[in-house]
Amino acid sequence: MKKAAVYTRTGDKGTTGLYTGERVPKQSLRVEAYGTIDEVTSALGLARALATRQDVKGTILKVQNLLMSLMADVASLNLPQPYITEQHVKMFEETIDRFDAMLEPLNHFILPGDTVAAGALDIARTTTRRAERCLLRLAETEEVNPNVLVCLNRLSDLCFILARVESEVK
C-alpha cells in the first residue's frame, strides 16, 4: 500500500479547506482562530510532557482531545449540531473547582515559572487568551458557537489553576 503524501497542493494558492469542505483564504479570521486553538493544543502538549502530577497530565490529555472537537466546531460552517455544548462548559467548571479546592486562597500576583510545567501551562493560558480574542473578532462578522467562547475562557482559567497546582501542591 502506497503511503499518502503529507503535502496536498490544495493550499498552494492561499486557500484552505474547512472541516465542512468550504475553501477559505488562509488569512481568514476563522482559520486564524482555529489555528490559534491548535497552538493551544501544542502548548498543552508541552505542559503535559513536563507535568509532574499524574492528575494534571490526565486532565491536560482530556482537554487536548476535547480541543480537537472544539477546532472542528470553529473550522466548520452550517453544522446541523455544534460539537461543543453546555456540557463541555460544565466539565471545565467542575474540573477547575476540583483542582482549585487543592489550593490556598490567592493573595498575591503570580509570576510564571516556579516550575517548568507551570511555565508551560502559563504559555498555554496566554495562548488560549489569544485564541479567545481571535474568536471574538470572528464573532463580530460570522456565526460562532457561544459555547466555544465560554470553553476557551474556562480553559485559560483551568491552565492558571493547573499551573498553581504544579507549583504549590506536593
# chains A, B, ... in the order shown; residues from 1 in each chain; ligands from 1
>>> residues_around(residues="Leu50 of chain A", least_positions_apart="4", cutoff="7 Å", atoms="only C-alpha atoms", output="JSON, numbers by chain")
{"A": [46, 116, 117]}
>>> residues_around(residues="segment 91-106 of chain A", least_positions_apart="2", cutoff="10 Å", atoms="only C-alpha atoms", output="ChimeraX atom specification")
/A:55-56,59,63,86-89,108-110,150-155,157-162,164-165,168-169
>>> closest_residue(among="A:Val148, A:Ala124, A:Ala118, A:Ile37", to="Thr52 of chain A", atoms="only C-alpha atoms")
A:Ala118
>>> closest_residue(among="A:Val24, A:Leu67, A:Ala139, A:Leu111", to="Thr36 of chain A", atoms="only C-alpha atoms")
A:Leu67
>>> select_by_dssp(residues="chain A", states="alpha helix (DSSP H)", output="ChimeraX atom specification")
/A:29-50,54-74,86-100,116-139,146-168
>>> select_by_dssp(residues="chain A", states="strand (DSSP E)", output="short mmCIF file (atom, residue, chain, number, x, y, z; two decimals) with C-alpha atoms, in the first residue's frame")
data_model
loop_
_atom_site.label_atom_id
_atom_site.label_comp_id
_atom_site.auth_asym_id
_atom_site.auth_seq_id
_atom_site.Cartn_x
_atom_site.Cartn_y
_atom_site.Cartn_z
CA THR A 15 -6.75 28.89 0.41
CA THR A 16 -7.51 26.07 2.79
CA GLY A 17 -10.42 23.72 3.28
CA ARG A 23 -12.50 26.76 0.77
CA VAL A 24 -11.48 29.98 2.51
CA PRO A 25 -8.43 32.25 2.44
#
>>> atom_distance(atom1="atom CA of Asn145 of chain A", atom2="atom CA of Ala72 of chain A")
11.3 Å
>>> closest_residue(among="A:Gly113, A:Leu66, A:Leu149, A:Asn107", to="Ala131 of chain A", atoms="only C-alpha atoms")
A:Leu149
>>> atom_distance(atom1="atom CA of Ala120 of chain A", atom2="atom CA of Gly58 of chain A")
15.6 Å
>>> atom_distance(atom1="atom CA of Leu44 of chain A", atom2="atom CA of Ile60 of chain A")
6.5 Å
>>> residues_around(residues="Ala33 of chain A", least_positions_apart="5", cutoff="9 Å", atoms="only C-alpha atoms", output="ChimeraX atom specification")
/A:28,38,71,74-75,130-138
>>> write_last_selection(atoms="all heavy atoms", output="compact mmCIF listing (two decimals), in the first residue's frame")
# COMPACT_ATOMS: atom_id res chain seq x y z
N SER A 28 -7.98 34.14 6.72
CA SER A 28 -9.31 34.48 7.25
C SER A 28 -9.29 34.40 8.78
O SER A 28 -8.50 33.67 9.37
CB SER A 28 -10.39 33.55 6.70
OG SER A 28 -10.31 32.28 7.34
N ASP A 38 -5.13 25.45 17.76
CA ASP A 38 -4.14 24.40 17.51
C ASP A 38 -2.84 24.69 18.27
O ASP A 38 -2.21 23.78 18.83
CB ASP A 38 -3.88 24.29 16.01
CG ASP A 38 -3.14 23.03 15.61
OD1 ASP A 38 -3.21 22.02 16.34
OD2 ASP A 38 -2.50 23.06 14.54
N MET A 71 -11.84 22.65 17.77
CA MET A 71 -11.31 23.16 16.50
C MET A 71 -12.22 22.79 15.34
O MET A 71 -12.43 23.59 14.43
CB MET A 71 -9.90 22.63 16.24
CG MET A 71 -8.83 23.37 16.98
SD MET A 71 -7.17 22.94 16.43
CE MET A 71 -7.06 21.25 16.92
N VAL A 74 -15.03 25.23 15.20
CA VAL A 74 -14.63 26.53 14.64
C VAL A 74 -14.34 26.41 13.14
O VAL A 74 -14.60 27.34 12.37
CB VAL A 74 -13.41 27.10 15.40
CG1 VAL A 74 -12.93 28.41 14.78
CG2 VAL A 74 -13.76 27.31 16.87
N ALA A 75 -13.82 25.26 12.72
CA ALA A 75 -13.43 25.06 11.32
C ALA A 75 -14.59 24.58 10.47
O ALA A 75 -14.37 24.04 9.38
CB ALA A 75 -12.28 24.07 11.24
N ARG A 130 -5.28 34.48 23.62
CA ARG A 130 -5.16 34.99 22.25
C ARG A 130 -6.18 34.31 21.34
O ARG A 130 -6.82 34.96 20.50
CB ARG A 130 -3.74 34.80 21.73
CG ARG A 130 -3.54 35.36 20.33
CD ARG A 130 -2.09 35.57 19.95
NE ARG A 130 -1.18 34.55 20.39
CZ ARG A 130 -0.85 33.46 19.69
NH1 ARG A 130 -1.39 33.27 18.49
NH2 ARG A 130 0.02 32.59 20.16
N ALA A 131 -6.37 33.01 21.51
CA ALA A 131 -7.36 32.29 20.71
C ALA A 131 -8.76 32.84 20.97
O ALA A 131 -9.55 33.01 20.03
CB ALA A 131 -7.31 30.79 21.04
N GLU A 132 -9.04 33.16 22.22
CA GLU A 132 -10.34 33.73 22.57
C GLU A 132 -10.53 35.08 21.88
O GLU A 132 -11.60 35.37 21.33
CB GLU A 132 -10.43 33.88 24.09
CG GLU A 132 -11.76 34.40 24.58
CD GLU A 132 -11.80 34.58 26.09
OE1 GLU A 132 -10.75 34.58 26.76
OE2 GLU A 132 -12.92 34.75 26.60
N ARG A 133 -9.48 35.91 21.87
CA ARG A 133 -9.58 37.22 21.19
C ARG A 133 -9.80 37.04 19.69
O ARG A 133 -10.62 37.75 19.08
CB ARG A 133 -8.34 38.06 21.46
CG ARG A 133 -8.23 38.54 22.90
CD ARG A 133 -7.10 39.53 23.10
NE ARG A 133 -5.79 39.06 22.71
CZ ARG A 133 -4.93 38.41 23.50
NH1 ARG A 133 -5.25 38.15 24.76
NH2 ARG A 133 -3.75 38.05 23.04
N CYS A 134 -9.11 36.08 19.08
CA CYS A 134 -9.31 35.80 17.65
C CYS A 134 -10.76 35.40 17.38
O CYS A 134 -11.37 35.86 16.41
CB CYS A 134 -8.40 34.67 17.19
SG CYS A 134 -6.66 35.06 17.07
N LEU A 135 -11.28 34.54 18.24
CA LEU A 135 -12.65 34.07 18.05
C LEU A 135 -13.66 35.18 18.26
O LEU A 135 -14.68 35.24 17.56
CB LEU A 135 -12.92 32.90 18.99
CG LEU A 135 -13.94 31.89 18.53
CD1 LEU A 135 -13.59 31.29 17.18
CD2 LEU A 135 -14.09 30.79 19.56
N LEU A 136 -13.40 36.07 19.20
CA LEU A 136 -14.29 37.21 19.40
C LEU A 136 -14.30 38.13 18.18
O LEU A 136 -15.36 38.65 17.80
CB LEU A 136 -13.88 37.99 20.66
CG LEU A 136 -14.24 37.30 21.98
CD1 LEU A 136 -13.50 37.96 23.14
CD2 LEU A 136 -15.74 37.32 22.20
N ARG A 137 -13.14 38.33 17.56
CA ARG A 137 -13.10 39.12 16.32
C ARG A 137 -13.92 38.44 15.23
O ARG A 137 -14.67 39.08 14.51
CB ARG A 137 -11.66 39.34 15.86
CG ARG A 137 -10.93 40.42 16.63
CD ARG A 137 -9.62 40.85 15.96
NE ARG A 137 -8.69 39.76 15.74
CZ ARG A 137 -7.83 39.28 16.65
NH1 ARG A 137 -7.79 39.80 17.86
NH2 ARG A 137 -7.01 38.31 16.34
N LEU A 138 -13.79 37.12 15.11
CA LEU A 138 -14.57 36.38 14.14
C LEU A 138 -16.06 36.51 14.42
O LEU A 138 -16.86 36.70 13.50
CB LEU A 138 -14.16 34.90 14.15
CG LEU A 138 -14.97 33.97 13.25
CD1 LEU A 138 -14.78 34.33 11.78
CD2 LEU A 138 -14.57 32.51 13.51
>>> closest_residue(among="A:Lys170, A:Arg129, A:Arg53, A:Lys90", to="Asn147 of chain A", atoms="only C-alpha atoms")
A:Lys90
